[in-house]
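> Sharing data-v8.csv here; it has CSV, C-alpha atoms.
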```csv
chain,number,residue,atom,x,y,z
A,1339,MET,CA,27.6,31.5,-19.4
A,1340,LEU,CA,25.5,29.6,-21.9
A,1341,GLY,CA,23.3,26.9,-20.5
A,1342,MET,CA,24.2,24.6,-23.5
A,1343,ARG,CA,27.5,24.4,-25.2
A,1344,GLN,CA,27.5,23.7,-29.0
A,1345,MET,CA,29.9,21.1,-30.3
A,1346,LEU,CA,31.3,22.2,-33.6
A,1347,PHE,CA,32.6,19.5,-35.9
A,1348,SER,CA,35.0,20.4,-38.7
A,1349,LEU,CA,34.8,18.4,-41.9
A,1350,VAL,CA,38.3,17.8,-43.2
A,1351,LEU,CA,38.1,17.4,-46.9
A,1352,LEU,CA,41.0,15.7,-48.6
A,1353,ALA,CA,41.5,17.6,-51.8
A,1354,PRO,CA,42.4,15.6,-54.9
A,1355,VAL,CA,46.0,15.5,-55.7
A,1356,ALA,CA,46.7,17.6,-58.9
A,1357,SER,CA,46.8,15.7,-62.1
A,1358,VAL,CA,50.3,14.7,-63.1
A,1359,ALA,CA,51.0,15.0,-66.8
A,1360,LEU,CA,54.1,13.7,-68.3
A,1361,ALA,CA,55.9,15.7,-71.0
A,1362,GLN,CA,55.2,14.9,-74.6
A,1363,PRO,CA,57.8,12.6,-75.8
A,1364,SER,CA,59.8,13.3,-78.9
A,1365,ASP,CA,59.0,10.0,-80.4
A,1366,PRO,CA,55.4,10.0,-81.8
A,1367,HIS,CA,55.2,6.2,-81.3
A,1368,ASP,CA,55.6,6.7,-77.6
A,1369,GLN,CA,52.3,6.6,-75.7
A,1370,VAL,CA,51.1,9.4,-73.4
A,1371,VAL,CA,50.7,8.3,-69.8
A,1372,PRO,CA,47.2,9.2,-68.7
A,1373,ASP,CA,46.5,11.5,-65.8
A,1374,LEU,CA,46.7,10.0,-62.3
A,1375,GLN,CA,44.2,11.1,-59.7
A,1376,VAL,CA,43.8,10.2,-56.0
A,1377,THR,CA,40.2,9.8,-54.9
A,1378,PRO,CA,39.4,11.8,-51.7
A,1379,GLY,CA,38.8,9.7,-48.6
A,1380,ALA,CA,40.6,7.0,-46.6
A,1381,PRO,CA,41.4,3.7,-48.2
A,1382,SER,CA,38.5,1.3,-48.0
A,1383,ALA,CA,38.6,-1.4,-45.4
A,1384,PRO,CA,38.8,-5.0,-46.6
A,1385,ASP,CA,35.5,-6.9,-47.0
A,1386,GLY,CA,34.1,-8.3,-43.8
A,1387,ALA,CA,35.4,-5.4,-41.6
A,1388,PRO,CA,32.9,-3.6,-39.4
A,1389,PRO,CA,31.1,-0.5,-40.8
A,1390,ASP,CA,33.3,1.9,-38.7
A,1391,ALA,CA,36.4,0.4,-40.2
A,1392,ARG,CA,35.1,1.1,-43.7
A,1393,GLY,CA,34.8,4.8,-43.0
A,1394,GLY,CA,31.0,4.9,-42.6
A,1395,PRO,CA,29.1,6.7,-39.8
A,1396,PRO,CA,29.2,5.1,-36.3
A,1397,GLN,CA,26.3,2.8,-35.7
A,1398,PRO,CA,24.2,3.4,-32.5
A,1399,GLN,CA,24.7,0.8,-29.8
A,1400,ALA,CA,21.6,-1.0,-28.7
A,1401,GLN,CA,20.8,-0.4,-25.0
A,1402,ALA,CA,19.7,-3.1,-22.6
A,1403,PRO,CA,16.1,-2.6,-21.6
A,1404,ARG,CA,15.7,-1.2,-18.1
A,1405,PRO,CA,13.9,-3.5,-15.7
A,1406,SER,CA,10.4,-2.4,-15.1
A,1407,ARG,CA,9.1,-1.9,-11.6
A,1408,PRO,CA,6.5,-4.3,-10.4
A,1409,PRO,CA,3.0,-2.8,-10.1
A,1410,PRO,CA,2.0,-1.8,-6.6
A,1411,LYS,CA,0.1,-4.3,-4.6
A,1412,PRO,CA,-3.5,-3.5,-3.9
A,1413,PRO,CA,-4.4,-2.9,-0.3
A,1414,GLU,CA,-5.4,-5.8,1.8
A,1415,THR,CA,-9.1,-6.4,2.4
A,1416,ASP,CA,-10.7,-6.5,5.8
A,1417,ASP,CA,-11.0,-10.3,5.5
A,1418,GLN,CA,-7.3,-10.6,4.6
A,1419,LEU,CA,-6.3,-8.5,7.6
A,1420,LEU,CA,-8.6,-10.5,9.9
A,1421,ALA,CA,-7.0,-13.8,8.6
A,1422,LYS,CA,-3.5,-12.4,9.4
A,1423,LEU,CA,-4.7,-11.2,12.8
A,1424,ALA,CA,-6.0,-14.7,13.7
A,1425,LYS,CA,-2.6,-16.2,12.8
A,1426,ALA,CA,-0.4,-13.5,14.3
A,1427,ALA,CA,2.8,-14.9,15.8
A,1428,ASP,CA,2.6,-12.7,18.9
A,1429,GLN,CA,1.1,-9.6,20.5
A,1430,ARG,CA,3.7,-7.3,18.7
A,1431,ALA,CA,2.6,-8.6,15.3
A,1432,ALA,CA,-1.1,-8.3,16.2
A,1433,ARG,CA,-1.2,-4.7,17.4
A,1434,PRO,CA,-0.6,-3.0,14.0
A,1435,ILE,CA,-3.3,-5.1,12.4
A,1436,GLU,CA,-5.7,-4.2,15.2
A,1437,ARG,CA,-5.1,-0.5,14.7
A,1438,GLU,CA,-5.6,-0.8,10.9
A,1439,LEU,CA,-8.9,-2.6,11.3
A,1440,LYS,CA,-10.2,-0.1,14.0
A,1441,ALA,CA,-9.2,2.8,11.7
A,1442,ARG,CA,-11.1,1.3,8.8
A,1443,TRP,CA,-14.2,0.6,10.8
A,1444,ALA,CA,-14.2,4.2,12.0
A,1445,HIS,CA,-14.9,5.4,8.5
A,1446,THR,CA,-18.3,5.0,6.8
A,1447,GLY,CA,-17.7,7.0,3.6
A,1448,SER,CA,-20.1,9.8,4.8
A,1449,PRO,CA,-18.1,12.9,5.7
A,1450,SER,CA,-20.8,14.1,8.1
A,1451,ALA,CA,-21.0,10.8,9.9
A,1452,ASP,CA,-17.2,10.5,10.1
A,1453,LEU,CA,-17.0,14.1,11.5
A,1454,LEU,CA,-19.6,13.3,14.2
A,1455,LEU,CA,-17.7,10.2,15.3
A,1456,LYS,CA,-14.5,12.2,15.5
A,1457,ARG,CA,-16.3,14.7,17.8
A,1458,VAL,CA,-17.5,11.8,20.0
A,1459,ASP,CA,-13.9,10.6,20.3
A,1460,GLN,CA,-12.6,14.2,21.1
A,1461,ALA,CA,-15.3,14.6,23.8
A,1462,MET,CA,-14.3,11.2,25.3
A,1463,GLU,CA,-10.6,12.2,25.3
A,1464,ALA,CA,-11.6,15.4,27.2
A,1465,HIS,CA,-13.7,13.2,29.7
A,1466,ASP,CA,-16.8,15.1,28.6
A,1467,PHE,CA,-18.8,11.9,28.6
A,1468,ASP,CA,-22.2,13.6,28.6
A,1469,THR,CA,-21.5,15.5,25.4
A,1470,ALA,CA,-19.9,12.4,23.8
A,1471,ARG,CA,-23.0,10.3,24.6
A,1472,GLU,CA,-25.4,13.0,23.3
A,1473,ILE,CA,-23.4,13.1,20.0
A,1474,ALA,CA,-23.3,9.3,19.7
A,1475,GLN,CA,-27.0,9.0,20.2
A,1476,LYS,CA,-27.6,11.6,17.4
A,1477,LEU,CA,-25.1,9.8,15.2
A,1478,THR,CA,-26.9,6.4,15.5
A,1479,ALA,CA,-30.1,8.2,14.6
A,1480,ILE,CA,-28.8,9.7,11.4
A,1481,ALA,CA,-26.5,6.8,10.5
A,1482,PRO,CA,-28.2,3.6,11.8
A,1483,ASN,CA,-26.0,1.3,9.6
A,1484,PHE,CA,-22.7,2.7,10.9
A,1485,ALA,CA,-21.5,-0.1,13.2
A,1486,GLU,CA,-18.8,1.9,14.9
A,1487,ALA,CA,-21.4,4.6,15.9
A,1488,TRP,CA,-23.3,1.9,17.9
A,1489,HIS,CA,-20.0,0.7,19.4
A,1490,ARG,CA,-19.2,4.2,20.7
A,1491,ARG,CA,-22.7,4.5,22.1
A,1492,ALA,CA,-22.3,1.1,23.9
A,1493,THR,CA,-19.0,2.2,25.4
A,1494,LEU,CA,-20.5,5.4,26.7
A,1495,ALA,CA,-23.7,3.7,28.0
A,1496,THR,CA,-21.4,1.3,30.0
A,1497,GLN,CA,-19.6,4.3,31.4
A,1498,LYS,CA,-22.9,5.6,32.7
A,1499,ASP,CA,-23.9,2.1,34.0
A,1500,ASP,CA,-26.7,2.0,31.5
A,1501,TYR,CA,-26.2,-1.7,30.7
A,1502,GLU,CA,-29.5,-2.1,28.9
A,1503,ASP,CA,-28.5,0.4,26.3
A,1504,ALA,CA,-25.0,-0.9,26.2
A,1505,ILE,CA,-26.0,-4.5,25.5
A,1506,SER,CA,-28.6,-3.4,22.9
A,1507,SER,CA,-26.0,-1.1,21.2
A,1508,LEU,CA,-23.4,-3.9,21.2
A,1509,ARG,CA,-25.8,-6.3,19.6
A,1510,ARG,CA,-26.5,-3.7,16.9
A,1511,THR,CA,-22.7,-3.3,16.4
A,1512,LEU,CA,-22.2,-7.0,16.0
A,1513,ALA,CA,-25.1,-7.4,13.6
A,1514,LEU,CA,-23.5,-4.8,11.3
A,1515,GLN,CA,-19.8,-5.9,12.0
A,1516,PRO,CA,-19.7,-9.5,13.3
A,1517,LYS,CA,-15.9,-9.5,13.4
A,1518,ASN,CA,-15.6,-6.6,15.8
A,1519,PHE,CA,-13.4,-8.4,18.3
A,1520,VAL,CA,-13.5,-5.4,20.7
A,1521,ALA,CA,-17.3,-5.3,20.8
A,1522,LEU,CA,-17.4,-9.1,21.4
A,1523,ALA,CA,-15.0,-8.8,24.3
A,1524,GLU,CA,-17.0,-5.9,25.8
A,1525,LEU,CA,-20.2,-7.9,25.4
A,1526,GLY,CA,-18.6,-10.7,27.3
A,1527,SER,CA,-17.6,-8.4,30.1
A,1528,ILE,CA,-21.1,-7.0,30.5
A,1529,LEU,CA,-22.7,-10.4,30.4
A,1530,GLU,CA,-20.3,-11.6,33.1
A,1531,GLU,CA,-21.3,-8.6,35.2
A,1532,TYR,CA,-24.9,-9.8,34.7
A,1533,ASN,CA,-23.8,-13.2,35.9
A,1534,ASP,CA,-24.6,-14.7,32.5
A,1535,LYS,CA,-21.4,-16.6,32.5
A,1536,ALA,CA,-22.1,-19.2,29.8
A,1537,HIS,CA,-22.9,-16.5,27.2
A,1538,ALA,CA,-20.1,-14.4,28.5
A,1539,LEU,CA,-17.7,-17.3,27.9
A,1540,ASP,CA,-19.1,-17.8,24.4
A,1541,ALA,CA,-18.5,-14.1,23.6
A,1542,TYR,CA,-15.0,-14.2,24.9
A,1543,ARG,CA,-14.2,-17.3,22.9
A,1544,GLN,CA,-15.5,-15.7,19.7
A,1545,ALA,CA,-13.4,-12.6,20.3
A,1546,LYS,CA,-10.3,-14.7,21.0
A,1547,THR,CA,-10.8,-16.7,17.7
A,1548,ILE,CA,-10.7,-13.4,15.8
A,1549,ASP,CA,-7.9,-11.8,17.9
A,1550,PRO,CA,-5.9,-14.2,20.1
A,1551,TYR,CA,-4.1,-11.2,21.7
A,1552,ILE,CA,-6.9,-9.2,23.3
A,1553,GLU,CA,-5.5,-8.0,26.6
A,1554,GLY,CA,-6.7,-10.1,29.5
A,1555,ILE,CA,-9.1,-12.3,27.5
A,1556,GLU,CA,-7.1,-15.5,28.1
A,1557,ASP,CA,-7.5,-15.2,31.9
A,1558,ARG,CA,-11.2,-14.6,31.6
A,1559,ILE,CA,-11.7,-17.6,29.4
A,1560,LYS,CA,-9.8,-19.9,31.8
A,1561,GLU,CA,-11.7,-18.7,34.8
A,1562,LEU,CA,-15.1,-18.9,33.3
A,1563,THR,CA,-14.4,-22.3,31.7
A,1564,LYS,CA,-13.8,-23.7,35.2
A,1565,THR,CA,-16.9,-22.1,36.5
A,1566,VAL,CA,-19.2,-23.0,33.7
A,1567,GLU,CA,-18.0,-26.6,33.5
A,1568,GLY,CA,-18.3,-26.9,37.2
A,1569,GLN,CA,-22.0,-26.0,36.9
A,1570,GLY,CA,-22.4,-28.9,34.4
A,1571,ILE,CA,-23.1,-26.7,31.5
```
Translate the structure of the given file into C-alpha coordinates.


Amino acid sequence: MLGMRQMLFSLVLLAPVASVALAQPSDPHDQVVPDLQVTPGAPSAPDGAPPDARGGPPQPQAQAPRPSRPPPKPPETDDQLLAKLAKAADQRAARPIERELKARWAHTGSPSADLLLKRVDQAMEAHDFDTAREIAQKLTAIAPNFAEAWHRRATLATQKDDYEDAISSLRRTLALQPKNFVALAELGSILEEYNDKAHALDAYRQAKTIDPYIEGIEDRIKELTKTVEGQGI
(Lines of atoms letter the chains of each structure in order from A and count residues from 1; the text may use other names and numbers.)
(Lines give C-alpha, C1' and ligand atoms only; values in the text may rest on other atoms or scores of the structure.)
Protein backbone atom coordinates (compact mmCIF):
# COMPACT_ATOMS: atom_id res chain seq x y z
CA MET A 1 0.00 0.00 0.00
CA LEU A 2 1.51 3.29 -1.04
CA GLY A 3 2.42 5.72 1.73
CA MET A 4 1.15 8.63 -0.31
CA ARG A 5 -1.80 8.65 -2.63
CA GLN A 6 -1.64 10.85 -5.73
CA MET A 7 -4.65 12.97 -6.56
CA LEU A 8 -5.21 13.06 -10.31
CA PHE A 9 -7.10 16.03 -11.66
CA SER A 10 -8.67 15.74 -15.13
CA LEU A 11 -8.87 18.87 -17.20
CA VAL A 12 -12.16 18.92 -19.04
CA LEU A 13 -11.76 20.94 -22.16
CA LEU A 14 -14.84 22.28 -23.78
CA ALA A 15 -14.25 21.89 -27.51
CA PRO A 16 -15.43 24.72 -29.77
CA VAL A 17 -18.72 24.16 -31.36
CA ALA A 18 -18.30 23.49 -35.10
CA SER A 19 -18.75 26.46 -37.34
CA VAL A 20 -22.21 26.75 -38.74
CA ALA A 21 -22.30 27.91 -42.34
CA LEU A 22 -25.51 28.80 -44.05
CA ALA A 23 -26.12 27.66 -47.59
CA GLN A 24 -25.31 30.10 -50.37
CA PRO A 25 -28.52 31.88 -51.25
CA SER A 26 -29.70 32.00 -54.84
CA ASP A 27 -30.01 35.75 -54.72
CA PRO A 28 -26.52 37.35 -55.08
CA HIS A 29 -27.75 40.41 -53.21
CA ASP A 30 -28.39 38.32 -50.17
CA GLN A 31 -25.54 38.57 -47.60
CA VAL A 32 -23.72 35.52 -46.25
CA VAL A 33 -24.17 34.98 -42.54
CA PRO A 34 -20.70 34.74 -40.96
CA ASP A 35 -19.56 31.67 -39.06
CA LEU A 36 -20.64 31.48 -35.40
CA GLN A 37 -18.20 30.12 -32.80
CA VAL A 38 -18.61 29.34 -29.13
CA THR A 39 -15.54 30.26 -27.05
CA PRO A 40 -14.43 27.47 -24.69
CA GLY A 41 -14.97 28.03 -21.01
CA ALA A 42 -17.81 28.98 -18.74
CA PRO A 43 -19.56 32.28 -19.15
CA SER A 44 -17.80 35.09 -17.36
CA ALA A 45 -19.25 36.31 -14.11
CA PRO A 46 -20.51 39.83 -13.84
CA ASP A 47 -18.12 42.53 -12.74
CA GLY A 48 -17.70 42.74 -8.98
CA ALA A 49 -18.09 39.00 -8.41
CA PRO A 50 -15.36 37.17 -6.43
CA PRO A 51 -12.47 35.62 -8.41
CA ASP A 52 -13.78 32.06 -7.99
CA ALA A 53 -17.09 33.08 -9.54
CA ARG A 54 -15.23 34.35 -12.61
CA GLY A 55 -13.70 30.96 -13.23
CA GLY A 56 -10.20 31.85 -11.93
CA PRO A 57 -8.12 29.58 -9.64
CA PRO A 58 -9.20 29.45 -5.95
CA GLN A 59 -7.37 31.95 -3.79
CA PRO A 60 -5.59 30.67 -0.64
CA GLN A 61 -7.28 31.66 2.58
CA ALA A 62 -5.19 33.61 5.09
CA GLN A 63 -4.68 31.65 8.33
CA ALA A 64 -4.91 33.31 11.70
CA PRO A 65 -1.47 33.46 13.38
CA ARG A 66 -0.95 30.89 16.10
CA PRO A 67 -0.49 32.35 19.55
CA SER A 68 3.16 32.11 20.53
CA ARG A 69 4.12 30.52 23.84
CA PRO A 70 5.53 32.87 26.43
CA PRO A 71 9.27 32.40 27.02
CA PRO A 72 10.14 30.28 30.08
CA LYS A 73 10.76 32.20 33.25
CA PRO A 74 14.35 32.27 34.47
CA PRO A 75 15.00 30.36 37.70
CA GLU A 76 14.63 32.33 40.90
CA THR A 77 17.79 33.58 42.55
CA ASP A 78 18.77 32.66 46.12
CA ASP A 79 17.75 36.13 47.27
CA GLN A 80 14.32 35.73 45.70
CA LEU A 81 13.84 32.35 47.36
CA LEU A 82 14.94 33.75 50.73
CA ALA A 83 12.46 36.61 50.35
CA LYS A 84 9.68 34.10 49.65
CA LEU A 85 10.75 32.00 52.62
CA ALA A 86 10.60 34.95 55.00
CA LYS A 87 7.02 35.66 53.84
CA ALA A 88 5.81 32.06 53.61
CA ALA A 89 2.21 31.70 54.74
CA ASP A 90 2.78 28.54 56.74
CA GLN A 91 5.12 25.62 57.36
CA ARG A 92 3.78 23.72 54.37
CA ALA A 93 4.70 26.57 52.04
CA ALA A 94 8.12 27.01 53.66
CA ARG A 95 9.38 23.41 53.39
CA PRO A 96 9.87 23.25 49.58
CA ILE A 97 11.78 26.54 49.65
CA GLU A 98 14.00 25.27 52.46
CA ARG A 99 14.80 22.12 50.47
CA GLU A 100 15.61 24.09 47.32
CA LEU A 101 17.99 26.40 49.16
CA LYS A 102 19.74 23.52 50.93
CA ALA A 103 20.15 21.71 47.62
CA ARG A 104 21.69 24.78 46.01
CA TRP A 105 24.07 25.39 48.89
CA ALA A 106 25.27 21.79 48.63
CA HIS A 107 26.77 22.48 45.18
CA THR A 108 29.90 24.50 44.69
CA GLY A 109 30.48 24.01 40.96
CA SER A 110 33.50 21.78 41.59
CA PRO A 111 32.70 18.13 40.76
CA SER A 112 35.36 16.83 43.17
CA ALA A 113 34.12 18.97 46.07
CA ASP A 114 30.50 18.05 45.38
CA LEU A 115 31.47 14.36 45.30
CA LEU A 116 33.26 14.56 48.65
CA LEU A 117 30.27 16.28 50.24
CA LYS A 118 28.05 13.52 48.90
CA ARG A 119 30.34 10.93 50.50
CA VAL A 120 30.13 12.81 53.80
CA ASP A 121 26.33 12.61 53.65
CA GLN A 122 26.41 8.93 52.74
CA ALA A 123 28.68 8.13 55.68
CA MET A 124 26.41 10.12 58.02
CA GLU A 125 23.35 8.23 56.76
CA ALA A 126 25.21 4.99 57.50
CA HIS A 127 26.04 6.33 61.02
CA ASP A 128 29.74 6.07 60.19
CA PHE A 129 30.46 9.44 61.81
CA ASP A 130 34.21 8.92 62.11
CA THR A 131 34.57 8.43 58.36
CA ALA A 132 32.19 11.31 57.67
CA ARG A 133 34.18 13.67 59.88
CA GLU A 134 37.48 12.64 58.33
CA ILE A 135 36.15 13.35 54.83
CA ALA A 136 34.61 16.68 55.97
CA GLN A 137 37.94 17.82 57.40
CA LYS A 138 39.70 16.98 54.13
CA LEU A 139 36.98 18.78 52.20
CA THR A 140 37.37 22.02 54.17
CA ALA A 141 41.13 21.80 53.55
CA ILE A 142 40.82 21.52 49.76
CA ALA A 143 37.72 23.76 49.40
CA PRO A 144 37.99 26.39 52.16
CA ASN A 145 35.41 28.65 50.49
CA PHE A 146 32.72 25.96 50.36
CA ALA A 147 30.29 27.06 53.10
CA GLU A 148 28.38 23.80 53.25
CA ALA A 149 31.59 21.82 53.82
CA TRP A 150 32.17 23.83 57.01
CA HIS A 151 28.55 23.30 57.97
CA ARG A 152 28.89 19.51 57.72
CA ARG A 153 32.12 19.68 59.68
CA ALA A 154 30.35 21.65 62.43
CA THR A 155 27.50 19.16 62.59
CA LEU A 156 29.92 16.24 62.94
CA ALA A 157 32.01 18.08 65.54
CA THR A 158 28.85 18.62 67.60
CA GLN A 159 28.07 14.92 67.33
CA LYS A 160 31.49 14.22 68.86
CA ASP A 161 31.00 16.94 71.54
CA ASP A 162 33.84 18.93 70.03
CA TYR A 163 32.11 22.27 70.53
CA GLU A 164 35.21 24.34 69.92
CA ASP A 165 35.53 22.98 66.39
CA ALA A 166 31.76 23.16 65.98
CA ILE A 167 31.54 26.86 66.84
CA SER A 168 34.58 27.70 64.74
CA SER A 169 33.18 25.79 61.76
CA LEU A 170 29.75 27.40 62.12
CA ARG A 171 31.30 30.85 62.16
CA ARG A 172 33.18 30.00 58.95
CA THR A 173 29.91 28.76 57.46
CA LEU A 174 28.10 31.99 58.27
CA ALA A 175 30.98 34.15 57.07
CA LEU A 176 30.60 32.48 53.66
CA GLN A 177 26.81 32.09 53.69
CA PRO A 178 25.24 34.58 56.15
CA LYS A 179 21.67 33.49 55.30
CA ASN A 180 22.16 29.86 56.28
CA PHE A 181 19.24 29.65 58.70
CA VAL A 182 20.10 26.10 59.75
CA ALA A 183 23.65 27.08 60.75
CA LEU A 184 22.31 30.07 62.71
CA ALA A 185 19.88 27.86 64.63
CA GLU A 186 22.63 25.33 65.35
CA LEU A 187 24.93 28.10 66.56
CA GLY A 188 22.18 29.31 68.90
CA SER A 189 21.78 25.81 70.28
CA ILE A 190 25.51 25.42 71.01
CA LEU A 191 25.74 28.88 72.58
CA GLU A 192 22.78 28.00 74.77
CA GLU A 193 24.61 24.87 75.89
CA TYR A 194 27.56 27.09 76.80
CA ASN A 195 25.14 29.24 78.81
CA ASP A 196 25.72 32.21 76.52
CA LYS A 197 22.00 32.89 76.45
CA ALA A 198 22.13 36.46 75.12
CA HIS A 199 24.12 35.48 72.03
CA ALA A 200 22.08 32.32 71.65
CA LEU A 201 18.90 34.40 71.61
CA ASP A 202 20.41 36.70 69.00
CA ALA A 203 21.31 33.74 66.77
CA TYR A 204 17.82 32.26 67.13
CA ARG A 205 16.19 35.56 66.23
CA GLN A 206 18.36 35.97 63.14
CA ALA A 207 17.46 32.45 62.04
CA LYS A 208 13.75 33.09 62.57
CA THR A 209 13.90 36.31 60.54
CA ILE A 210 15.19 34.29 57.58
CA ASP A 211 12.96 31.24 58.13
CA PRO A 212 10.00 31.71 60.50
CA TYR A 213 9.21 27.99 60.43
CA ILE A 214 12.37 26.36 61.78
CA GLU A 215 11.12 23.57 63.98
CA GLY A 216 11.17 24.44 67.70
CA ILE A 217 12.79 27.86 67.30
CA GLU A 218 9.76 29.84 68.46
CA ASP A 219 9.76 28.03 71.81
CA ARG A 220 13.48 28.62 72.32
CA ILE A 221 13.07 32.33 71.59
CA LYS A 222 10.19 32.70 74.05
CA GLU A 223 12.04 30.92 76.82
CA LEU A 224 15.33 32.73 76.33
CA THR A 225 13.62 36.10 76.00
CA LYS A 226 12.18 35.70 79.48
CA THR A 227 15.50 34.58 80.89
CA VAL A 228 17.58 37.30 79.27
CA GLU A 229 15.14 40.06 80.06
CA GLY A 230 14.93 38.82 83.65
CA GLN A 231 18.68 39.27 83.93
CA GLY A 232 18.30 42.89 82.89
CA ILE A 233 20.07 42.41 79.59

> Of the candidates A:Lys1422, A:Arg1433, A:Lys1411, A:His1445, which one gets nearest to A:Ala1481 if we count only C-alpha atoms?

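For A:Ala1481, the nearest of the given residues is A:His1445.
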
> Check the smallest atom-to-atom distance from each of A:Arg1404, A:Lys1476, A:Lys1560, A:Lys1425 to A:Leu1539 using only C-alpha atoms, then report the winner.

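Once distances to A:Leu1539 are computed over only C-alpha atoms, the minimum belongs to A:Lys1560.
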
> Measuring between only C-alpha atoms, which one of A:Asn1483, A:Gln1515, A:Thr1547, A:Thr1478 shows the shortest distance to A:Leu1439?

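Distance minimum relative to A:Leu1439 lands on A:Gln1515.
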
> Enter the distance from atom CA of A:Ile1473 to atom CA of A:Val1458, in Å, rounded to one decimal.

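Between these atoms lies a distance of 6.0 Å.
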
> With distances taken over all atoms listed in the file, which of A:Leu1529, A:Ala1513, A:Phe1467, A:Ile1435 is nearest to A:His1489?

A:Ala1513

> Expressed in Å to a single decimal, how great is the separation between atom CA of A:Thr1469 and atom CA of A:Gln1497?

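Computing the Euclidean distance for atom CA of A:Thr1469 and atom CA of A:Gln1497 yields 12.8 Å.
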
> Quick one: everything within 12 Å of A:Asp1557, counting all atoms listed in the file, minus sequence neighbours fewer than 6 positions away in the same chain. Send it as a ChimeraX atom specification.

/A:1539,1542-1543,1546,1550-1551,1563-1564

> Atoms to include: C-alpha atoms. Write the selected residues as a PDB file, in the frame of the given file.


```pdb
ATOM      1  CA  LEU A1539     -17.700 -17.300  27.900  1.00  0.00           C
ATOM      2  CA  TYR A1542     -15.000 -14.200  24.900  1.00  0.00           C
ATOM      3  CA  ARG A1543     -14.200 -17.300  22.900  1.00  0.00           C
ATOM      4  CA  LYS A1546     -10.300 -14.700  21.000  1.00  0.00           C
ATOM      5  CA  PRO A1550      -5.900 -14.200  20.100  1.00  0.00           C
ATOM      6  CA  TYR A1551      -4.100 -11.200  21.700  1.00  0.00           C
ATOM      7  CA  THR A1563     -14.400 -22.300  31.700  1.00  0.00           C
ATOM      8  CA  LYS A1564     -13.800 -23.700  35.200  1.00  0.00           C
TER       9      LYS A1564
END
```

> Counting all atoms listed in the file, figure out which residue out of A:Glu1486, A:Glu1530, A:Asp1549, A:Asp1452 gets nearest to A:Ala1424.

A:Asp1549

> Between atom CA of A:Leu1419 and atom CA of A:Pro1516, what is the distance, to one decimal in Å?

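Spanning atom CA of A:Leu1419 to atom CA of A:Pro1516 is a straight-line distance of 14.6 Å.
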
> Restricting the calculation to only C-alpha atoms: of A:Leu1423, A:Leu1453, A:Ala1441, A:Ala1495, which residue gets closest to A:Glu1472?

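Smallest distance to A:Glu1472 is found for A:Ala1495.
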